[in-house]
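Just below is one structure, and these are the notes that go with it.
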Amino acid sequence: MFDIWVNRTVSLKDDVLSGLTVALALVPEAVAFAFVAGVHPLVGLYAAFMVGLITAAIGGRPGMISGATGALAVVMVELVASHGVEYLFAAVVLMGLIQIIAGLLRLGKFIRMVPYPVMLGFVNGLAIVIFLAQLKQFQVPDGEGGMTWMSGTPLLIFLGLIALTMAIIHFLPRFTRIIPSSLAAIIVVSGLVIALDLDTRTVGDLASIAGGLPEFHIPAVPLNLETLWIILPYSLIFAAIGLIESLLTLTLIDDITNTRGRGNRECIGQGVANTVTGFFGGMGGCAMIGQSMINVNSGGRGRMSGISAALFLLAFILFASGLIEMIPLAVLIGVMFIVVIGTFEWSSFRILGRVPRADAFVLILVSAVTVATDLAVAVVVGVIVSALVFAWQHARNIHVEISTDEKGRKSYLLRGPLFFSSVHNFMNLFDVDNDPDEVVIDFRYSRVYDHSGLEAIDNLAERYTRAGKKLHLRHLSEDCRRLLETAGDLVEVNLIEDPRYWVADDRLA
């Protein structure tokens, strides 16, 4: 009993300390994404607090961090620019309702359809996006309303602080794990900058994070169909991006922690979080792979890690904005660079020459599309390309074994799947003109997967009928049998008991 109490105490300590580290890293990200979306920084911070708190409390993946994300911010900017921030809040509310419906309909299971090369491409592309997002912090105002790249001594100091931060994070765990290495790096390097009075950019240079508690606020938009048609397309896109990024991040955290999250519960959790956020002046959000990686690597595995991160963030806004604004940006960039290194699947370079060329192409394609557009588009493109490659490859796997029985009937023993892509090859397997008067097609080792396959069988039966020949179909499934009943006595269907096909039970997902 004492051992259980000790383990729980250690786990709670790890969760709280990890949550503090994550909260510090959330501040510049939330502010930056708010700027991208064209809204006030507090809109991003409130979203990070509320989405992070609610998903941590009721979501399906303990240890996963959610908040305002760049993938959503780049889509939100158009709505804000054209209709204003109030329409954004309304769209976020509707986004949440759509995600709740997706969870109730158990659509989270479809994340299983994402092939592994798409997952690798997603991870690599997102690592590149995180890296590129940090490069913007290397720019400073040029005094003429524009931005220019750092140079000279400021750049050397900036790079030196980044390197020191990364070194502490990398080497400290070899000596002690009492405190998360990322948190130690933030404290040590920030203290060094303050003590030496180094001239370098800080969080306060981005914007002030001081504010009060988020207040309940019904979006000030007309409640009519015109408003619905304005926000509905955006809400659907927001919901899709949010769920795809969240479920893929959930799968990644599952692999790292060797545990299993609950996808449908996460959909509902994300939906509730975004619905509430929209009513409290937040920009909405979803899972954040960078902060989730920081959390897991810092020892945060339970719900308290996400809850504490959200509460620490709120405390920063209410009470400690002055202290947080003193943290050097270089420190937080160093933390994110470590995340990039840990997120990128470096093994993908090694396996590129060993996997099928189609899989290697999909991996590279998804990575590139993630960087060029956004995550949702990249994943959809990757799944479509993978499905087309699969269909093309399996279309060539259909063939027959031909024999003749003692009655002179010709038998075609079909092997391989019959579906839309293999229909053409299927039709070319039969010699209707030269076949005997009776022909048997045996589907014992074949399976019909779609309506195109059923139509192909029907067309073939009609060809034999027009030639005045009898066609016997054996071991055909019930759905095919119903379609071919119109062939009457000319078609004989002998159905044996089909094998049972077991599928994963989604009730617990």
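Numbering starts fresh at 1 for the residues of each chain in the structure tokens, the chains themselves are lettered A, B, ... in the order given, and ligands are numbered from 1 as they appear.
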Residues of range 257-364 of chain A in helix (DSSP H, G or I) according to DSSP, as a ChimeraX atom specification?
/A:257,263-279,289-297,303-318,321-324,329-343,347-351,357-364
- Which polymer residues have any atom within 6 Å of an atom of range 288-302 of chain A, counting only C-alpha atoms, with same-chain residues fewer than 3 positions away left out, as a list of chain:residue names?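 After dropping sequence-adjacent residues, the list is A:Asp14, A:Asp15, A:Ser18, A:Pro62, A:Gly63, A:Met64, A:Ile65, A:Ser66, A:Pro180, A:Thr249, A:Ser305.
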Filtering to C-alpha atoms, could you give me those residues as a compact mmCIF listing (two decimals), in the first residue's frame?
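Result went into again02.txt, see below:
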# COMPACT_ATOMS: atom_id res chain seq x y z
CA ASP A 14 6.09 14.53 -12.47
CA ASP A 15 2.75 15.61 -13.91
CA SER A 18 5.86 18.69 -16.54
CA PRO A 62 -4.12 11.42 -20.76
CA GLY A 63 -0.82 13.22 -21.19
CA MET A 64 -1.72 14.82 -24.52
CA ILE A 65 -1.67 18.63 -24.59
CA SER A 66 -4.20 20.67 -26.54
CA PRO A 180 12.27 17.93 -15.89
CA THR A 249 -1.14 12.96 -32.17
CA SER A 305 -0.12 17.12 -16.45
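For the set A:Leu42, A:Ala133, A:Val335, A:Ile307, the residue with the smallest atom-to-atom gap to Val189 in chain A is A:Val335, counting only C-alpha atoms.
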With a distance cut-off of 7 Å and only C-alpha atoms, select the neighbouring residues of Ala210 in chain A, excluding the residue or stretch itself and same-chain residues fewer than 2 positions from it, and output the selection as an mmCIF file with C-alpha atoms, in the first residue's frame.
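Printed below is selection_37.cif as written:
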data_model
loop_
_atom_site.group_PDB
_atom_site.id
_atom_site.type_symbol
_atom_site.label_atom_id
_atom_site.label_comp_id
_atom_site.auth_asym_id
_atom_site.auth_seq_id
_atom_site.Cartn_x
_atom_site.Cartn_y
_atom_site.Cartn_z
ATOM 1 C CA SER A 208 1.782 41.534 -22.982
ATOM 2 C CA ILE A 317 -2.108 35.513 -17.233
ATOM 3 C CA LEU A 318 -3.574 36.597 -13.895
ATOM 4 C CA SER A 321 2.698 38.009 -16.522
#
Self-check item: Close residues, Leu53 in chain A itself excluded, 12 Å, only C-alpha atoms, min 3 positions apart in chain, as a VMD selection string
Solution: chain A and resid 19 23 46 to 50 56 to 59 62 to 67 269 to 270 272 to 274 276 to 277 285 to 287 303 to 314
Selection from above, C-alpha atoms, as an mmCIF file, in the first residue's frame, can you write it?
data_model
loop_
_atom_site.group_PDB
_atom_site.id
_atom_site.type_symbol
_atom_site.label_atom_id
_atom_site.label_comp_id
_atom_site.auth_asym_id
_atom_site.auth_seq_id
_atom_site.Cartn_x
_atom_site.Cartn_y
_atom_site.Cartn_z
ATOM 1 C CA GLY A 19 2.720 20.837 -16.684
ATOM 2 C CA ALA A 23 2.748 26.051 -19.703
ATOM 3 C CA TYR A 46 -7.643 31.815 -23.427
ATOM 4 C CA ALA A 47 -7.984 29.100 -26.051
ATOM 5 C CA ALA A 48 -4.814 27.400 -24.816
ATOM 6 C CA PHE A 49 -6.138 27.510 -21.232
ATOM 7 C CA MET A 50 -9.697 26.320 -21.855
ATOM 8 C CA ALA A 56 -7.101 17.035 -20.257
ATOM 9 C CA ALA A 57 -10.037 16.470 -17.918
ATOM 10 C CA ILE A 58 -12.479 14.589 -20.194
ATOM 11 C CA GLY A 59 -10.537 13.710 -23.353
ATOM 12 C CA PRO A 62 -4.117 11.421 -20.761
ATOM 13 C CA GLY A 63 -0.820 13.223 -21.193
ATOM 14 C CA MET A 64 -1.724 14.816 -24.524
ATOM 15 C CA ILE A 65 -1.666 18.626 -24.588
ATOM 16 C CA SER A 66 -4.196 20.669 -26.540
ATOM 17 C CA GLY A 67 -4.422 24.372 -27.257
ATOM 18 C CA GLY A 269 -13.568 16.042 -25.463
ATOM 19 C CA GLN A 270 -12.221 18.242 -28.251
ATOM 20 C CA VAL A 272 -16.837 20.144 -25.722
ATOM 21 C CA ALA A 273 -13.623 22.140 -25.287
ATOM 22 C CA ASN A 274 -14.104 24.114 -28.493
ATOM 23 C CA VAL A 276 -17.037 26.175 -24.439
ATOM 24 C CA THR A 277 -14.032 28.125 -25.754
ATOM 25 C CA GLY A 285 -7.758 24.549 -30.810
ATOM 26 C CA CYS A 286 -6.742 20.909 -30.928
ATOM 27 C CA ALA A 287 -3.916 18.626 -29.869
ATOM 28 C CA ARG A 303 -4.435 13.904 -16.750
ATOM 29 C CA MET A 304 -2.949 16.153 -14.094
ATOM 30 C CA SER A 305 -0.120 17.118 -16.451
ATOM 31 C CA GLY A 306 -2.546 18.731 -18.892
ATOM 32 C CA ILE A 307 -4.732 20.151 -16.151
ATOM 33 C CA SER A 308 -1.765 21.677 -14.321
ATOM 34 C CA ALA A 309 -0.389 23.102 -17.576
ATOM 35 C CA ALA A 310 -3.697 24.879 -18.193
ATOM 36 C CA LEU A 311 -3.931 26.152 -14.613
ATOM 37 C CA PHE A 312 -0.319 27.367 -14.648
ATOM 38 C CA LEU A 313 -1.050 29.198 -17.897
ATOM 39 C CA LEU A 314 -4.059 30.903 -16.314
#
